[in-house]
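Engineer: The structure that follows is given in the form of structure tokens.
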Amino acid sequence: MSFDWAVILGNAKFLLLQGLIGIGAYGGGTLRLAIPAILLGFCVGIVLGLARLASRPWIHYPAVIYIEVMRGIPLVMVIFWFWFLVPVMIGRAVPEYWVALTAFVIFEGAYIGEIIRAGIQSVPKGQNDAATASGLSYVQTMWSIILPQAIRNMIPSLVTQFIVLFKDTSLASIIGMMDLTKAAQTVSERDIRPFEMYLFIAVVYWVFTYSMSRFSRWLEVRMSPERST
Amino acid sequence: MPILAAFFGFTYEFRWPILWAAPHPTWLIDGILTTLRLSVLSWVFAVILGIIFGALRTVPYRPLRAVATVYVEFFRNVPLLVWLFFWYFGAPEVFPEFVRQWFIRHGIEMWSAIAAISFYHGARFAEVIRAGIQSIPKTQLEAGIASGLSVGQTYRLIIIPIALRLIVPPATNESLNLLKNTSLAMTIGVAELTFATRQIETYTAKAIEAFTAGTLIYLV
């Protein structure tokens with residue numbers, strides 16, 4: 001049984017353009033899902049991280065429960081929850097892309113919240129004291145002093161989380177969103193060469209995630225001489 | 001419940017008793033058992049692969065290190081779902097006919113899932129173990145060799161036992177990840193917990209009750 005290159009070359013355009021980027025009739029796309037998901041997840045994560053560090057119990061405990069639940073169940077479950085709940089709540093059918101995006105933001109927001117909490121806690125407490133002594137309010141302290149330092153500390157973890165999120169976008173194919181994995185599924189159902197197809201997308205995923213992890217290592221090296229802590 | 005209905009602005013008939021109506025608990029329990037069986041088998045293989053390749057990444061021989069690095073980086077960076085499809089749809093084509101028939105007769109879904117999860121988490125365990133080994137002072141290795149043990153023996157008798165004790169926290173985290181990732185096996189037809197949850201949902205159209213059950217079981 002020989003390796004069929006033609007099926008890869010013939011379908012590469014569909015796989016990469018529709019599956020990976022999201023340009024085409026189906027809407028979807030791995031990158032089109034991953035990039036907004038990480039950006040929105042970052043916003044959710046900041047809120048969650050700060051909420052988890054809050055001293056007021058009515059902010060702190062809901063955040064803890066939310067984070068622990070999201071970290072305890074598989075992403076597949078979360079995707080299915082949203083797949084069934086969102087259309088019922090809104091009252092009409094929702095395209096898979098938006099269901100997937102919502103599920104990802106909610107799920108990854110919890111993990112990013114933990115990263116941000118760790119980042120904030122890694123800033124020396126003296127900064128907080130100095131800020132209070134200088135008369136800054138909580139918001140001013142967080143916005144101008146703590147968060148900038150915290151974010152620099154956690155950029156490597158955030159890039160790692162983005163790599164994880166990028167790989168997890170493959171799960172969106174389960175509800176039918178046309179990402180790279182679903183594109184490969186569609187093609188291999190038509191052309192009946194699953195070995196070549198899945199190997200091809202394995203390589204594509206690998207190229208992206210390996211480049212991102214090299215980038216993360218480069219970032220770490222570049223940032224370390226400048227770190228003051 | 002009426003409060004929830006009013007909040008969501010829809011009418012959803014909650015019927016919690018379906019959870020313990022006739023065959024549904026059996027499905028859930030079968031699902032749990034399958035999840036556990038899949039997890040334990042994959043975990044054993046993953047740990048073995050992880051120890052082998054994690055240790056190989058730290059040995060003083062360049063070719064062995066290169067082989068281990070290729071394995072770890074390749075299997076780790078590709079999503080598990082893609083691996084599941086590869087091992088279930090793609091890989092059996094490469095094997096000769098009689099091997100394929102044996103697998104098909106003996107539950108190929110489970111074996112593909114075990115293969116995919118073992119290789120993927122084996123690569124992740126390898127990273128954890130590598131980190132553990134690298135945190136052991138190099139003097140241990142040197143002392144072992146100075147005492148007359150070969151490199152292999154030093155690793156087997158000294159380094160790896162120490163590393164295994166060091167890495168218990170991240171290893172526990174990875175093991176939990178493995179358990180959660182077994183839910184992906186439902187996509188290739190392994191009747192584990194998430195699959196059972198969906199089965200209840202499709203049979204009764206009561207999604208919320210079914211998924212609540214599944215979610216709570218995972219949390220426990």
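Each chain in the structure tokens gets a letter, A, B and so on, in the order shown; residues start at 1 in every chain, and ligands are counted from 1 in the order they appear.
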Using only C-alpha atoms, tabulate the residues of chain A lying at most 10 Å from any atom of chain B, each with its closest atom pair and that distance in Å to one decimal, by chain and increasing residue number, as a Markdown table.

Structural biologist:
| residue | atom | partner | partner_atom | distance |
| --- | --- | --- | --- | --- |
| A:Met1 | CA | B:Val94 | CA | 7.7 |
| A:Ser2 | CA | B:Val94 | CA | 9.6 |
| A:Glu68 | CA | B:Leu219 | CA | 8.9 |
| A:Val69 | CA | B:Leu219 | CA | 7.1 |
| A:Met70 | CA | B:Leu219 | CA | 9.3 |
| A:Arg71 | CA | B:Leu219 | CA | 9.0 |
| A:Gly72 | CA | B:Leu219 | CA | 5.3 |
| A:Ile73 | CA | B:Tyr218 | CA | 5.7 |
| A:Pro74 | CA | B:Lys180 | CA | 5.0 |
| A:Leu75 | CA | B:Lys180 | CA | 8.2 |
| A:Val76 | CA | B:Ser183 | CA | 6.9 |
| A:Met77 | CA | B:Thr215 | CA | 7.1 |
| A:Val78 | CA | B:Thr215 | CA | 8.8 |
| A:Phe80 | CA | B:Phe211 | CA | 8.2 |
| A:Trp81 | CA | B:Phe211 | CA | 7.0 |
| A:Phe84 | CA | B:Ala207 | CA | 6.8 |
| A:Leu85 | CA | B:Ile208 | CA | 8.0 |
| A:Val88 | CA | B:Phe10 | CA | 7.2 |
| A:Met89 | CA | B:Phe8 | CA | 5.6 |
| A:Ile90 | CA | B:Phe8 | CA | 8.2 |
| A:Gly91 | CA | B:Phe10 | CA | 7.6 |
| A:Ile163 | CA | B:Asn77 | CA | 8.5 |
| A:Val164 | CA | B:Pro79 | CA | 8.6 |
| A:Leu165 | CA | B:Pro79 | CA | 9.8 |
| A:Phe166 | CA | B:Pro79 | CA | 8.5 |
| A:Lys167 | CA | B:Pro79 | CA | 4.8 |
| A:Asp168 | CA | B:Pro79 | CA | 6.6 |
| A:Thr169 | CA | B:Pro79 | CA | 8.6 |
| A:Ser170 | CA | B:Leu81 | CA | 6.6 |
| A:Leu171 | CA | B:Leu81 | CA | 6.8 |
| A:Ser173 | CA | B:Leu81 | CA | 9.3 |
| A:Ile174 | CA | B:Thr187 | CA | 7.3 |
| A:Leu180 | CA | B:Val82 | CA | 9.5 |
| A:Thr181 | CA | B:Val82 | CA | 6.6 |
| A:Lys182 | CA | B:Val82 | CA | 9.7 |
| A:Ala184 | CA | B:Val82 | CA | 9.4 |
| A:Gln185 | CA | B:Phe85 | CA | 8.5 |
| A:Ser188 | CA | B:Phe89 | CA | 9.3 |
| A:Ile192 | CA | B:Phe89 | CA | 9.7 |
| A:Arg193 | CA | B:Gly90 | CA | 7.6 |
| A:Pro194 | CA | B:Gly90 | CA | 4.9 |
| A:Phe195 | CA | B:Gly90 | CA | 3.7 |
| A:Glu196 | CA | B:Gly90 | CA | 7.5 |
| A:Met197 | CA | B:Gly90 | CA | 8.2 |
| A:Tyr198 | CA | B:Phe86 | CA | 5.5 |
| A:Leu199 | CA | B:Phe86 | CA | 7.1 |
| A:Ile201 | CA | B:Val82 | CA | 7.8 |
| A:Ala202 | CA | B:Val78 | CA | 5.7 |
| A:Val203 | CA | B:Val78 | CA | 7.8 |
| A:Val204 | CA | B:Val78 | CA | 8.6 |
| A:Tyr205 | CA | B:Val78 | CA | 5.6 |
| A:Trp206 | CA | B:Asn77 | CA | 5.3 |
| A:Val207 | CA | B:Asn77 | CA | 8.5 |
| A:Phe208 | CA | B:Asn77 | CA | 8.6 |
| A:Thr209 | CA | B:Asn77 | CA | 5.8 |
| A:Tyr210 | CA | B:Asn77 | CA | 6.6 |
| A:Ser213 | CA | B:Asn77 | CA | 9.2 |

Engineer: I want to know what sits within 10 Å of Ala131 in chain A, based on only C-alpha atoms, with residues of the same chain fewer than 2 positions away left out; could you give that as an NGL selection string?

Structural biologist: :A and (126-129 or 133-138 or 140-142 or 144-146)

Engineer: Report as a PyMOL selection string: the residues of range 24-187 of chain A with a DSSP assignment of alpha helix (DSSP H), based on the backbone of this structure.

Structural biologist: chain A and resi 30-53+57-72+75-90+96-121+125-133+138-140+147-168+180-187

Engineer: Please indicate the distance in Å from CA of Ala183 in chain A to CA of Ile79 in chain A, rounded to one decimal place.

Structural biologist: 18.9 Å

Engineer: May I ask which of the residues A:Val159, A:Ile120, A:Met177, A:Met223 is the closest one to Ser211 in chain A, counting only C-alpha atoms?

Structural biologist: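 Among the listed residues, A:Val159 lies closest to Ser211 in chain A.
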
Engineer: Using only C-alpha atoms, which of A:Ala100, A:Phe82, A:Ala110, A:Leu33 sits nearest Val64 in chain A?

Structural biologist: A:Ala110

Engineer: For range 59-66 of chain B, please output as a PyMOL selection string all residues within 9 Å (counting only C-alpha atoms; exclusion window: fewer than 5 positions along the same chain).

Structural biologist: chain B and resi 53+71+151+155

Engineer: Kindly indicate which residue among A:Glu108, A:Glu220, A:Glu96, A:Asp4 lies nearest to Leu39 in chain A, using only C-alpha atoms for the distances.

Structural biologist: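 Among the listed residues, A:Glu108 lies closest to Leu39 in chain A.
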
Engineer: Interatomic distance between CA of Leu38 in chain B and CA of Ile114 in chain B?

Structural biologist: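 That distance, rounded to one decimal, is 6.5 Å.
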